[in-house]
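The data block below is model_20.csv; it holds CSV, C-alpha atoms and all ligand atoms.
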```csv
chain,number,residue,atom,x,y,z
A,1,MET,CA,25.2,-21.6,-1.2
A,2,SER,CA,23.0,-19.6,-3.5
A,3,LEU,CA,19.8,-17.7,-3.0
A,4,PHE,CA,16.3,-19.3,-3.5
A,5,LYS,CA,15.4,-17.7,-6.8
A,6,VAL,CA,11.9,-16.3,-6.8
A,7,TYR,CA,12.7,-12.8,-8.3
A,8,PRO,CA,13.7,-12.3,-11.9
A,9,LEU,CA,16.4,-9.7,-11.1
A,10,TYR,CA,17.4,-6.6,-13.0
A,11,ASN,CA,21.2,-6.4,-13.1
A,12,ILE,CA,21.5,-3.3,-10.9
A,13,ASN,CA,23.3,-3.3,-7.5
A,14,PRO,CA,22.4,-0.2,-5.5
A,15,LEU,CA,24.8,0.9,-2.8
A,16,GLN,CA,23.4,4.2,-1.8
A,17,ALA,CA,20.3,6.3,-2.0
A,18,LYS,CA,19.3,9.9,-1.1
A,19,GLY,CA,16.0,11.6,-1.7
A,20,CYS,CA,14.5,10.3,-4.9
A,21,TYR,CA,17.9,9.0,-6.3
A,22,VAL,CA,19.5,5.6,-6.1
A,23,TYR,CA,23.3,5.1,-6.8
A,24,ASP,CA,24.6,1.7,-8.0
A,25,ASN,CA,28.0,0.0,-7.5
A,26,LYS,CA,29.3,1.6,-10.7
A,27,GLY,CA,28.4,5.1,-9.5
A,28,LYS,CA,25.4,5.3,-11.9
A,29,LYS,CA,22.5,7.5,-10.6
A,30,TYR,CA,18.9,6.5,-11.0
A,31,LEU,CA,15.7,8.5,-10.6
A,32,ASP,CA,13.5,6.4,-8.3
A,33,LEU,CA,9.9,6.8,-9.5
A,34,TYR,CA,9.0,3.4,-8.0
A,35,GLY,CA,9.9,3.9,-4.4
A,36,GLY,CA,10.8,0.3,-3.9
A,37,HIS,CA,7.2,-0.6,-4.6
A,38,ALA,CA,5.5,2.4,-2.9
A,39,VAL,CA,7.5,2.0,0.2
A,40,ILE,CA,9.8,5.1,0.1
A,41,SER,CA,7.3,7.7,1.2
A,42,ILE,CA,9.5,10.6,2.5
A,43,GLY,CA,12.6,9.9,0.4
A,44,HIS,CA,15.7,7.7,0.8
A,45,GLY,CA,17.9,8.7,3.8
A,46,HIS,CA,15.6,11.5,4.9
A,47,PRO,CA,17.3,13.5,7.8
A,48,ASN,CA,14.2,13.1,10.0
A,49,TYR,CA,14.3,9.3,9.4
A,50,ILE,CA,18.0,8.9,10.1
A,51,LYS,CA,17.8,11.1,13.2
A,52,SER,CA,14.8,9.3,14.6
A,53,LEU,CA,16.2,5.8,14.0
A,54,SER,CA,19.7,6.5,15.3
A,55,ASN,CA,18.4,8.3,18.4
A,56,GLN,CA,16.2,5.4,19.1
A,57,LEU,CA,18.9,2.9,18.5
A,58,ASN,CA,21.0,4.6,21.1
A,59,LYS,CA,18.2,4.2,23.6
A,60,ILE,CA,16.4,0.9,23.0
A,61,GLY,CA,15.9,-0.9,19.7
A,62,PHE,CA,13.6,-3.7,20.7
A,63,TYR,CA,11.7,-5.3,23.4
A,64,SER,CA,8.7,-7.7,23.2
A,65,ASN,CA,5.1,-6.7,23.4
A,66,TYR,CA,4.7,-7.9,27.0
A,67,ILE,CA,6.0,-4.7,28.4
A,68,ILE,CA,4.7,-1.1,28.0
A,69,ASN,CA,5.9,0.7,24.8
A,70,ASP,CA,4.9,4.3,25.0
A,71,LEU,CA,6.1,4.8,21.4
A,72,GLN,CA,3.2,2.6,20.1
A,73,LYS,CA,0.7,4.9,21.9
A,74,GLU,CA,2.4,7.9,20.3
A,75,VAL,CA,2.2,6.3,16.8
A,76,ALA,CA,-1.5,5.5,17.4
A,77,GLU,CA,-2.3,9.0,18.6
A,78,LYS,CA,-0.5,10.7,15.7
A,79,ILE,CA,-2.0,8.4,13.0
A,80,ILE,CA,-5.5,9.1,14.4
A,81,LYS,CA,-4.8,12.8,14.5
A,82,GLN,CA,-3.2,13.1,11.0
A,83,SER,CA,-5.7,10.8,9.3
A,84,SER,CA,-8.8,12.2,11.2
A,85,CYS,CA,-9.9,8.6,11.6
A,86,LYS,CA,-11.4,8.8,15.1
A,87,ASP,CA,-12.9,5.8,17.0
A,88,TYR,CA,-10.1,3.4,16.0
A,89,GLU,CA,-7.5,1.4,18.0
A,90,LEU,CA,-4.1,0.3,16.6
A,91,PHE,CA,-2.4,-3.0,16.4
A,92,MET,CA,1.1,-3.0,15.0
A,93,CYS,CA,2.8,-5.7,13.0
A,94,SER,CA,5.6,-5.9,10.5
A,95,SER,CA,4.3,-6.2,6.9
A,96,GLY,CA,1.3,-5.7,4.6
A,97,ALA,CA,0.4,-9.3,4.4
A,98,GLU,CA,0.5,-9.6,8.2
A,99,ALA,CA,-1.7,-6.5,8.5
A,100,ASN,CA,-4.3,-8.1,6.2
A,101,GLU,CA,-4.0,-11.5,7.8
A,102,ASN,CA,-4.7,-9.9,11.2
A,103,ALA,CA,-7.6,-7.9,9.7
A,104,LEU,CA,-9.3,-11.0,8.3
A,105,GLN,CA,-8.7,-12.8,11.6
A,106,ILE,CA,-10.1,-9.9,13.6
A,107,ALA,CA,-13.3,-9.9,11.5
A,108,SER,CA,-13.7,-13.6,12.0
A,109,PHE,CA,-13.3,-13.3,15.7
A,110,HIS,CA,-15.7,-10.5,15.8
A,111,ASN,CA,-18.7,-12.0,13.9
A,112,ASN,CA,-17.8,-15.7,14.2
A,113,LYS,CA,-18.1,-16.2,10.4
A,114,SER,CA,-15.4,-17.1,7.9
A,115,ARG,CA,-16.2,-16.5,4.3
A,116,ILE,CA,-14.4,-13.6,2.6
A,117,ILE,CA,-15.5,-11.5,-0.3
A,118,ALA,CA,-12.6,-10.0,-2.3
A,119,PHE,CA,-12.4,-8.5,-5.8
A,120,LYS,CA,-11.1,-9.5,-9.2
A,121,ASN,CA,-7.5,-8.5,-9.7
A,122,SER,CA,-6.9,-8.0,-6.0
A,123,PHE,CA,-3.6,-8.4,-4.2
A,124,HIS,CA,-3.5,-8.6,-0.5
A,125,GLY,CA,-0.2,-10.4,0.3
A,126,ARG,CA,1.5,-13.8,0.7
A,127,SER,CA,0.3,-15.2,4.0
A,128,ASN,CA,-2.5,-17.8,3.9
A,129,ALA,CA,-5.7,-15.8,4.3
A,130,ALA,CA,-4.3,-12.7,2.5
A,131,LEU,CA,-3.1,-14.9,-0.4
A,132,SER,CA,-6.5,-16.7,-0.5
A,133,ALA,CA,-8.1,-13.3,-0.9
A,134,THR,CA,-5.7,-12.5,-3.7
A,135,ASP,CA,-6.9,-13.0,-7.3
A,136,ASN,CA,-3.9,-14.7,-8.9
A,137,GLN,CA,-3.9,-18.5,-9.3
A,138,ASN,CA,-0.3,-18.5,-10.3
A,139,ILE,CA,1.0,-17.7,-6.9
A,140,LYS,CA,-1.3,-20.0,-4.9
A,141,SER,CA,-0.6,-23.5,-3.6
A,142,LYS,CA,-2.9,-26.2,-2.5
A,143,LEU,CA,-2.6,-24.8,1.0
A,144,ASN,CA,-4.5,-21.7,-0.1
A,145,THR,CA,-7.6,-23.7,-1.1
A,146,LYS,CA,-9.1,-24.2,2.4
A,147,ILE,CA,-10.2,-20.6,3.0
A,148,ASP,CA,-13.6,-19.8,1.5
A,149,VAL,CA,-13.2,-16.7,-0.7
A,150,THR,CA,-15.6,-15.4,-3.3
A,151,PHE,CA,-14.2,-13.0,-5.9
A,152,LEU,CA,-16.6,-10.4,-7.3
A,153,LYS,CA,-16.2,-7.6,-9.9
A,154,PHE,CA,-16.1,-4.0,-8.7
A,155,ASN,CA,-19.4,-2.2,-9.0
A,156,ASP,CA,-21.4,-5.5,-9.3
A,157,ARG,CA,-24.1,-4.9,-6.7
A,158,GLU,CA,-26.3,-7.8,-7.8
A,159,SER,CA,-23.7,-10.5,-7.3
A,160,LEU,CA,-22.7,-8.9,-4.0
A,161,ILE,CA,-26.3,-9.1,-2.7
A,162,LYS,CA,-26.6,-12.7,-3.9
A,163,GLU,CA,-23.5,-13.6,-2.0
A,164,VAL,CA,-24.1,-11.8,1.3
A,165,SER,CA,-27.6,-13.1,1.5
A,166,LYS,CA,-26.1,-16.5,2.3
A,167,SER,CA,-25.3,-15.0,5.7
A,168,ASP,CA,-21.9,-16.6,6.1
A,169,VAL,CA,-19.7,-13.7,5.0
A,170,SER,CA,-17.3,-12.5,7.6
A,171,SER,CA,-15.5,-9.8,5.8
A,172,ILE,CA,-15.3,-7.8,2.5
A,173,ILE,CA,-11.8,-6.7,1.7
A,174,PHE,CA,-11.1,-4.2,-1.0
A,175,GLU,CA,-8.4,-1.8,-2.3
A,176,SER,CA,-9.7,1.7,-3.0
A,177,ILE,CA,-7.1,1.8,-5.8
A,178,GLN,CA,-5.8,-1.6,-6.8
A,179,GLY,CA,-2.0,-1.6,-6.6
A,180,VAL,CA,-0.5,-4.7,-8.2
A,181,GLY,CA,-3.8,-5.2,-10.1
A,182,GLY,CA,-3.3,-2.1,-12.1
A,183,LEU,CA,-4.9,1.0,-10.5
A,184,ASP,CA,-8.5,0.3,-11.1
A,185,GLU,CA,-11.0,1.8,-8.6
A,186,PRO,CA,-14.5,1.0,-7.6
A,187,ASP,CA,-17.1,3.8,-8.0
A,188,SER,CA,-17.9,5.9,-5.0
A,189,GLY,CA,-21.5,4.8,-5.0
A,190,PHE,CA,-20.4,1.1,-4.9
A,191,VAL,CA,-18.0,1.7,-1.9
A,192,LYS,CA,-20.9,3.4,-0.1
A,193,PHE,CA,-23.0,0.4,-1.0
A,194,LEU,CA,-20.4,-1.9,0.5
A,195,ARG,CA,-20.5,0.0,3.7
A,196,GLU,CA,-24.4,-0.2,3.9
A,197,THR,CA,-24.3,-3.9,3.0
A,198,CYS,CA,-21.7,-4.7,5.7
A,199,ASP,CA,-23.9,-2.9,8.3
A,200,LYS,CA,-27.0,-4.7,7.2
A,201,TYR,CA,-25.4,-8.2,7.2
A,202,ASN,CA,-23.0,-7.9,10.1
A,203,ILE,CA,-19.9,-8.1,7.9
A,204,CYS,CA,-16.6,-6.3,8.6
A,205,LEU,CA,-15.5,-3.9,5.8
A,206,ILE,CA,-11.7,-4.0,5.4
A,207,ALA,CA,-10.1,-1.2,3.4
A,208,ASP,CA,-6.7,-2.5,2.4
A,209,GLU,CA,-4.5,0.7,2.6
A,210,VAL,CA,-1.2,-1.2,2.6
A,211,GLN,CA,-0.1,0.5,-0.7
A,212,SER,CA,-2.5,3.5,-0.9
A,213,GLY,CA,-2.2,4.7,2.7
A,214,PHE,CA,0.0,7.2,4.4
A,215,GLY,CA,-0.7,10.0,2.0
A,216,ARG,CA,0.2,8.3,-1.3
A,217,THR,CA,-3.1,9.2,-3.0
A,218,GLY,CA,-3.2,12.8,-1.6
A,219,ASP,CA,-5.6,11.8,1.2
A,220,PHE,CA,-4.2,10.1,4.3
A,221,PHE,CA,-6.1,7.0,3.3
A,222,ALA,CA,-7.5,6.4,-0.2
A,223,PHE,CA,-10.9,5.3,1.0
A,224,GLN,CA,-11.5,8.8,2.5
A,225,LYS,CA,-12.4,10.0,-1.0
A,226,HIS,CA,-15.6,8.0,-0.6
A,227,ASN,CA,-16.6,9.4,2.8
A,228,ILE,CA,-17.0,6.0,4.5
A,229,LYS,CA,-15.7,4.5,7.7
A,230,PRO,CA,-14.3,1.0,7.2
A,231,ASP,CA,-14.3,-1.4,10.2
A,232,ILE,CA,-10.7,-2.3,9.8
A,233,ILE,CA,-7.8,-0.5,8.0
A,234,PRO,CA,-4.6,-2.5,7.3
A,235,MET,CA,-1.6,-0.4,6.4
A,236,ALA,CA,2.2,-0.9,5.8
A,237,LYS,CA,4.5,0.1,3.0
A,238,GLY,CA,4.9,4.0,3.2
A,239,MET,CA,4.4,3.8,6.9
A,240,GLY,CA,8.0,3.0,7.7
A,241,ASN,CA,9.8,4.5,4.6
A,242,GLY,CA,11.6,1.1,4.2
A,243,PHE,CA,11.6,0.0,7.9
A,244,PRO,CA,9.5,-3.2,7.9
A,245,VAL,CA,6.4,-2.1,9.8
A,246,GLY,CA,2.7,-2.5,9.3
A,247,GLY,CA,-0.4,-1.9,11.4
A,248,VAL,CA,-4.2,-2.3,11.6
A,249,LEU,CA,-6.6,0.3,12.7
A,250,ILE,CA,-9.6,-1.3,14.2
A,251,ASN,CA,-12.9,0.4,14.9
A,252,LYS,CA,-13.7,0.6,18.6
A,253,LYS,CA,-17.0,-1.3,18.1
A,254,ILE,CA,-14.7,-4.4,17.7
A,255,LYS,CA,-13.6,-5.5,21.1
A,256,SER,CA,-10.1,-6.8,21.8
A,257,LYS,CA,-9.4,-9.9,24.0
A,258,PHE,CA,-6.1,-10.9,25.5
A,259,GLY,CA,-4.2,-13.3,23.2
A,260,MET,CA,-6.4,-12.6,20.2
A,261,LEU,CA,-3.5,-11.3,18.2
A,262,GLY,CA,0.2,-11.4,18.7
A,263,THR,CA,3.6,-10.7,17.2
A,264,THR,CA,7.3,-10.8,18.2
A,265,PHE,CA,8.6,-7.9,16.2
A,266,GLY,CA,5.5,-5.8,15.5
A,267,GLY,CA,5.6,-2.3,16.9
A,268,ASN,CA,9.1,-2.5,18.3
A,269,HIS,CA,10.8,0.6,19.4
A,270,LEU,CA,12.8,1.1,16.2
A,271,ALA,CA,9.7,0.4,14.0
A,272,CYS,CA,7.8,3.1,15.9
A,273,SER,CA,10.6,5.6,15.6
A,274,ALA,CA,10.5,5.0,11.8
A,275,VAL,CA,6.8,5.6,11.7
A,276,LEU,CA,7.0,8.7,13.9
A,277,SER,CA,9.6,10.2,11.5
A,278,VAL,CA,7.4,9.5,8.5
A,279,LEU,CA,4.4,11.2,10.2
A,280,LYS,CA,6.5,14.2,11.2
A,281,THR,CA,7.8,14.6,7.7
A,282,ILE,CA,4.3,14.2,6.1
A,283,GLU,CA,3.2,17.1,8.3
A,284,GLU,CA,6.3,19.3,8.0
A,285,GLU,CA,6.6,19.0,4.3
A,286,ASN,CA,2.8,19.0,3.6
A,287,LEU,CA,3.2,15.9,1.6
A,288,LEU,CA,-0.6,15.2,1.1
A,289,LYS,CA,-0.9,18.5,-0.7
A,290,ASN,CA,2.3,17.8,-2.7
A,291,SER,CA,0.8,14.4,-3.8
A,292,LYS,CA,-2.4,16.2,-5.0
A,293,ASN,CA,-0.5,19.0,-6.7
A,294,LEU,CA,1.8,16.7,-8.5
A,295,GLU,CA,-1.0,14.5,-9.7
A,296,VAL,CA,-2.4,17.5,-11.5
A,297,TYR,CA,1.0,18.4,-13.0
A,298,PHE,CA,1.7,14.8,-13.9
A,299,LYS,CA,-1.7,14.3,-15.7
A,300,ASN,CA,-1.4,17.6,-17.6
A,301,LYS,CA,2.2,16.9,-18.7
A,302,LEU,CA,1.9,13.2,-19.6
A,303,SER,CA,-1.4,13.6,-21.4
A,304,LYS,CA,0.6,15.4,-24.1
A,305,ILE,CA,2.1,12.1,-25.1
A,306,LYS,CA,-0.3,10.6,-27.6
A,307,SER,CA,0.7,6.9,-27.3
A,308,ILE,CA,-0.4,6.9,-23.6
A,309,LYS,CA,-3.9,5.5,-23.8
A,310,LYS,CA,-4.9,6.3,-20.2
A,311,ILE,CA,-3.5,7.9,-17.1
A,312,LYS,CA,-4.8,6.1,-14.0
A,313,GLY,CA,-4.7,6.6,-10.3
A,314,ARG,CA,-4.6,9.4,-7.8
A,315,GLY,CA,-2.0,11.5,-6.0
A,316,LEU,CA,1.4,9.8,-6.5
A,317,MET,CA,-0.1,6.3,-7.0
A,318,LEU,CA,-0.3,6.6,-10.8
A,319,GLY,CA,-0.2,4.4,-13.9
A,320,LEU,CA,0.4,4.9,-17.6
A,321,GLU,CA,-1.6,2.6,-19.8
A,322,PHE,CA,-0.5,1.8,-23.4
A,323,ASP,CA,-2.0,-0.4,-26.0
A,324,PHE,CA,1.1,-2.6,-26.0
A,325,ASP,CA,3.1,-4.6,-23.4
A,326,ALA,CA,5.1,-2.0,-21.4
A,327,GLY,CA,7.8,-4.5,-20.3
A,328,GLU,CA,10.4,-3.4,-22.9
A,329,LEU,CA,9.6,0.3,-22.2
A,330,ARG,CA,10.2,-0.2,-18.5
A,331,LYS,CA,13.5,-1.8,-19.2
A,332,ASN,CA,14.6,1.0,-21.6
A,333,LEU,CA,13.6,3.6,-18.9
A,334,ILE,CA,15.9,1.9,-16.5
A,335,PHE,CA,18.9,1.1,-18.7
A,336,LYS,CA,18.8,3.9,-21.2
A,337,HIS,CA,17.3,6.8,-19.1
A,338,ASN,CA,18.2,5.7,-15.5
A,339,ILE,CA,14.6,5.9,-14.3
A,340,PHE,CA,12.9,3.2,-12.1
A,341,THR,CA,9.2,2.7,-12.7
A,342,GLY,CA,7.0,-0.3,-11.7
A,343,GLY,CA,5.2,-3.0,-13.6
A,344,SER,CA,1.7,-4.4,-12.9
A,345,ALA,CA,-0.4,-7.5,-13.4
A,346,ASN,CA,-1.8,-5.5,-16.3
A,347,LYS,CA,1.2,-5.9,-18.6
A,348,LYS,CA,0.2,-2.7,-20.6
A,349,LEU,CA,0.6,-0.5,-17.5
A,350,LEU,CA,3.6,1.3,-16.0
A,351,ARG,CA,3.3,2.2,-12.4
A,352,ILE,CA,4.6,5.5,-10.9
A,353,LEU,CA,5.1,5.3,-7.1
A,354,PRO,CA,7.7,7.9,-6.2
A,355,PRO,CA,8.6,9.4,-2.8
A,356,LEU,CA,5.9,11.8,-1.9
A,357,ASN,CA,8.3,14.8,-1.9
A,358,ILE,CA,9.4,14.6,-5.5
A,359,LYS,CA,9.2,17.8,-7.5
A,360,THR,CA,7.9,18.8,-11.0
A,361,LYS,CA,11.4,18.5,-12.4
A,362,HIS,CA,11.4,14.8,-11.7
A,363,ILE,CA,8.1,14.4,-13.7
A,364,ASP,CA,9.7,16.4,-16.5
A,365,MET,CA,12.6,13.9,-16.6
A,366,LEU,CA,10.1,11.1,-17.1
A,367,TYR,CA,8.3,13.0,-19.7
A,368,LYS,CA,11.5,13.6,-21.6
A,369,ALA,CA,12.5,10.0,-21.5
A,370,LEU,CA,9.1,8.8,-22.6
A,371,LYS,CA,9.0,11.3,-25.5
A,372,ASN,CA,12.3,9.9,-26.6
A,373,GLU,CA,11.2,6.3,-26.3
A,374,LEU,CA,7.8,6.7,-27.9
A,375,LYS,CA,8.6,8.9,-30.8
A,401,LIG,C1,-2.7,-3.6,-1.5
A,401,LIG,C2,-1.6,-4.5,-0.9
A,401,LIG,N1,-1.9,-5.3,0.1
A,401,LIG,C3,-1.0,-6.1,0.7
A,401,LIG,C4,0.3,-6.2,0.2
A,401,LIG,C5,1.3,-7.1,0.8
A,401,LIG,O1,2.3,-6.4,1.5
A,401,LIG,P1,3.6,-7.0,2.0
A,401,LIG,O2,4.4,-7.3,0.7
A,401,LIG,O3,4.3,-6.0,2.9
A,401,LIG,O4,3.3,-8.2,2.7
A,401,LIG,C6,0.7,-5.4,-0.9
A,401,LIG,C7,2.0,-5.5,-1.5
A,401,LIG,O5,2.3,-5.1,-2.6
A,401,LIG,C8,-0.3,-4.6,-1.5
A,401,LIG,O6,-0.1,-3.8,-2.6
```
Any chance you could put this one into structure tokens?
Ligand SMILES: Cc1ncc(COP(=O)(O)O)c(C=O)c1O
Amino acid sequence: MSLFKVYPLYNINPLQAKGCYVYDNKGKKYLDLYGGHAVISIGHGHPNYIKSLSNQLNKIGFYSNYIINDLQKEVAEKIIKQSSCKDYELFMCSSGAEANENALQIASFHNNKSRIIAFKNSFHGRSNAALSATDNQNIKSKLNTKIDVTFLKFNDRESLIKEVSKSDVSSIIFESIQGVGGLDEPDSGFVKFLRETCDKYNICLIADEVQSGFGRTGDFFAFQKHNIKPDIIPMAKGMGNGFPVGGVLINKKIKSKFGMLGTTFGGNHLACSAVLSVLKTIEEENLLKNSKNLEVYFKNKLSKIKSIKKIKGRGLMLGLEFDFDAGELRKNLIFKHNIFTGGSANKKLLRILPPLNIKTKHIDMLYKALKNELK
């Protein structure tokens, strides 16, 4: 029996991880500036995380959503408090795709329309509606052709107005910083225009914070830079520091109805304990501030390397753009310098998505390795 091969694997077999380091089966130590795709937010094996999960495991690990789970309420209250996003309610699920699928579904329930507007280069996950709203033909099957999605360019107000005027648009889904797509961002003015347009045409504005949420950009959510209030906020990745958990914040103007959504695993006791430990650590270690500070340090330091064409992103959701395919460089960083970084749909871009508590010395290590490779 072999595995269904969908991932082109790097030949590395990690057995242990601590903080921002990963150790393989040969005892080799790697600096993790990828965080398993922006998932490891508070660092591998953080003491708060281990304590919270093991304590919870000794009490109750799981029960279904048809009984009271006070931990979900605690998660909701703490997210609302730490993000300052008032007037929202929480629905918990288990992944980013599921969070977006629920968000699109909630919008359609709310305004009884179905067309989705998404953006070029978007990535929203692998479930049907989320994948339909993803701008990548290579990963879509015939099954993903039935949902009506229109892809627009960021900042193109004219096309937006032309589309929404048809009155059938249920939701507009956008990433404040595109993750997989390569760290492009819409202008602040355009995001505000999206908000106004959604209000005018009874459309739900969905800010996909699956990758950019939970402090990664230095704000709790990346859309907060634009001073707007989305109707629905899907989140996942950094929320559980590796525990599979996602959630959707839903503005209170959208009314719930019994049976409208559902999940077996979403928001179980263990998942909640993981989220609570992440929230506690973000607060205790002031990780939003650390993300912001390290962004400045990173941009100053890395801008000294002349072959880097552009440094993109915010906080610790960063990208280095070259005028060549960065695939070989990424491989050399792993195998010659023991540093994990991420790729992107934009082949010329290296993505940097480390734990939010890394230090300047870890950025120096990347700088040194890049200087060596790009001389
Ligand atoms: C912005 C965004 N949305 C949704 C997803 C899908 O999340 P998941 O892989 O947890 O389903 C991703 C994953 O990379 C993402 O970056």
### Query
ligand LIG 401 (chain A): which residues are within 10 Å, counting all atoms listed in the file, as a PyMOL selection string?
chain A and resi 37-39+94-101+122-127+130-131+134+174-181+207-213+234-237+244-246
Selected residues written out, C-alpha atoms, as a PDB file, in the frame of the given file:
```pdb
ATOM      1  CA  HIS A  37       7.200  -0.600  -4.600  1.00  0.00           C
ATOM      2  CA  ALA A  38       5.500   2.400  -2.900  1.00  0.00           C
ATOM      3  CA  VAL A  39       7.500   2.000   0.200  1.00  0.00           C
ATOM      4  CA  SER A  94       5.600  -5.900  10.500  1.00  0.00           C
ATOM      5  CA  SER A  95       4.300  -6.200   6.900  1.00  0.00           C
ATOM      6  CA  GLY A  96       1.300  -5.700   4.600  1.00  0.00           C
ATOM      7  CA  ALA A  97       0.400  -9.300   4.400  1.00  0.00           C
ATOM      8  CA  GLU A  98       0.500  -9.600   8.200  1.00  0.00           C
ATOM      9  CA  ALA A  99      -1.700  -6.500   8.500  1.00  0.00           C
ATOM     10  CA  ASN A 100      -4.300  -8.100   6.200  1.00  0.00           C
ATOM     11  CA  GLU A 101      -4.000 -11.500   7.800  1.00  0.00           C
ATOM     12  CA  SER A 122      -6.900  -8.000  -6.000  1.00  0.00           C
ATOM     13  CA  PHE A 123      -3.600  -8.400  -4.200  1.00  0.00           C
ATOM     14  CA  HIS A 124      -3.500  -8.600  -0.500  1.00  0.00           C
ATOM     15  CA  GLY A 125      -0.200 -10.400   0.300  1.00  0.00           C
ATOM     16  CA  ARG A 126       1.500 -13.800   0.700  1.00  0.00           C
ATOM     17  CA  SER A 127       0.300 -15.200   4.000  1.00  0.00           C
ATOM     18  CA  ALA A 130      -4.300 -12.700   2.500  1.00  0.00           C
ATOM     19  CA  LEU A 131      -3.100 -14.900  -0.400  1.00  0.00           C
ATOM     20  CA  THR A 134      -5.700 -12.500  -3.700  1.00  0.00           C
ATOM     21  CA  PHE A 174     -11.100  -4.200  -1.000  1.00  0.00           C
ATOM     22  CA  GLU A 175      -8.400  -1.800  -2.300  1.00  0.00           C
ATOM     23  CA  SER A 176      -9.700   1.700  -3.000  1.00  0.00           C
ATOM     24  CA  ILE A 177      -7.100   1.800  -5.800  1.00  0.00           C
ATOM     25  CA  GLN A 178      -5.800  -1.600  -6.800  1.00  0.00           C
ATOM     26  CA  GLY A 179      -2.000  -1.600  -6.600  1.00  0.00           C
ATOM     27  CA  VAL A 180      -0.500  -4.700  -8.200  1.00  0.00           C
ATOM     28  CA  GLY A 181      -3.800  -5.200 -10.100  1.00  0.00           C
ATOM     29  CA  ALA A 207     -10.100  -1.200   3.400  1.00  0.00           C
ATOM     30  CA  ASP A 208      -6.700  -2.500   2.400  1.00  0.00           C
ATOM     31  CA  GLU A 209      -4.500   0.700   2.600  1.00  0.00           C
ATOM     32  CA  VAL A 210      -1.200  -1.200   2.600  1.00  0.00           C
ATOM     33  CA  GLN A 211      -0.100   0.500  -0.700  1.00  0.00           C
ATOM     34  CA  SER A 212      -2.500   3.500  -0.900  1.00  0.00           C
ATOM     35  CA  GLY A 213      -2.200   4.700   2.700  1.00  0.00           C
ATOM     36  CA  PRO A 234      -4.600  -2.500   7.300  1.00  0.00           C
ATOM     37  CA  MET A 235      -1.600  -0.400   6.400  1.00  0.00           C
ATOM     38  CA  ALA A 236       2.200  -0.900   5.800  1.00  0.00           C
ATOM     39  CA  LYS A 237       4.500   0.100   3.000  1.00  0.00           C
ATOM     40  CA  PRO A 244       9.500  -3.200   7.900  1.00  0.00           C
ATOM     41  CA  VAL A 245       6.400  -2.100   9.800  1.00  0.00           C
ATOM     42  CA  GLY A 246       2.700  -2.500   9.300  1.00  0.00           C
TER      43      GLY A 246
END
```
### Task
Compile the contact shell of Thr263 (chain A) as a list of chain:residue names: residues with an atom at most 10 Å away, counting only C-alpha atoms, same-chain residues fewer than 4 positions apart removed.
A:Ser64, A:Asn65, A:Phe91, A:Met92, A:Cys93, A:Ser94, A:Glu98, A:Gly267, A:Asn268
Near Ser108 (chain A), within 12 Å and counting all atoms listed in the file, which residues show up once chain neighbours fewer than 3 positions away are dropped, as a short mmCIF file (atom, residue, chain, number, x, y, z; two decimals) with C-alpha atoms, keeping the file's coordinate frame?
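Output file selection_9.cif follows:
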```
data_model
loop_
_atom_site.label_atom_id
_atom_site.label_comp_id
_atom_site.auth_asym_id
_atom_site.auth_seq_id
_atom_site.Cartn_x
_atom_site.Cartn_y
_atom_site.Cartn_z
CA GLU A 101 -4.00 -11.50 7.80
CA ASN A 102 -4.70 -9.90 11.20
CA ALA A 103 -7.60 -7.90 9.70
CA LEU A 104 -9.30 -11.00 8.30
CA GLN A 105 -8.70 -12.80 11.60
CA ASN A 111 -18.70 -12.00 13.90
CA ASN A 112 -17.80 -15.70 14.20
CA LYS A 113 -18.10 -16.20 10.40
CA SER A 114 -15.40 -17.10 7.90
CA ARG A 115 -16.20 -16.50 4.30
CA ILE A 116 -14.40 -13.60 2.60
CA ALA A 129 -5.70 -15.80 4.30
CA ILE A 147 -10.20 -20.60 3.00
CA ASP A 168 -21.90 -16.60 6.10
CA VAL A 169 -19.70 -13.70 5.00
CA SER A 170 -17.30 -12.50 7.60
CA SER A 171 -15.50 -9.80 5.80
CA ILE A 172 -15.30 -7.80 2.50
CA ASN A 202 -23.00 -7.90 10.10
CA ILE A 203 -19.90 -8.10 7.90
CA CYS A 204 -16.60 -6.30 8.60
CA LEU A 205 -15.50 -3.90 5.80
CA ILE A 206 -11.70 -4.00 5.40
CA ILE A 232 -10.70 -2.30 9.80
CA ILE A 254 -14.70 -4.40 17.70
CA MET A 260 -6.40 -12.60 20.20
#
```
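Closest approach to Leu333 (chain A) from the set A:Lys252, A:Lys299, A:Lys368, A:Lys166 is made by A:Lys368, with distances taken over only C-alpha atoms.
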### Message
Can you pull out the residues contacting Leu288 (chain A)? Cut-off 9 Å, using all atoms listed in the file, and skip same-chain residues under 6 positions away; I want them as a VMD selection string.
### Response
chain A and resid 214 to 220 282 315 356
### Surrounding residues of Gly242 (chain A) excluding itself and chain neighbours under 6 positions, 9 Å, all atoms listed in the file, as a list of chain:residue names
A:Gly36, A:Val39, A:Ile40, A:Ser41, A:His44, A:Ala274
### Task
Would you mind telling me which residue in A:Lys347, A:Lys59, A:His110, A:Lys375 lies nearest to Ile250 (chain A) when using only C-alpha atoms?
A:His110
### Task
Could you give me, as a PyMOL selection string, the residues that have an atom at most 12 Å away from the point (14.7, 7.8, 8.7) in the coordinates of the file, using all atoms listed in the file?
chain A and resi 18-19+40-57+238-243+270-281
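Here the selection is built from all atoms listed in the file, and the residues within 8 Å of (-5.6, 3.4, 16.8) turn out to be A:Ala76, A:Glu77, A:Ile79, A:Ile80, A:Asp87, A:Tyr88, A:Glu89, A:Leu90, A:Phe91, A:Val248, A:Leu249, A:Ile250.
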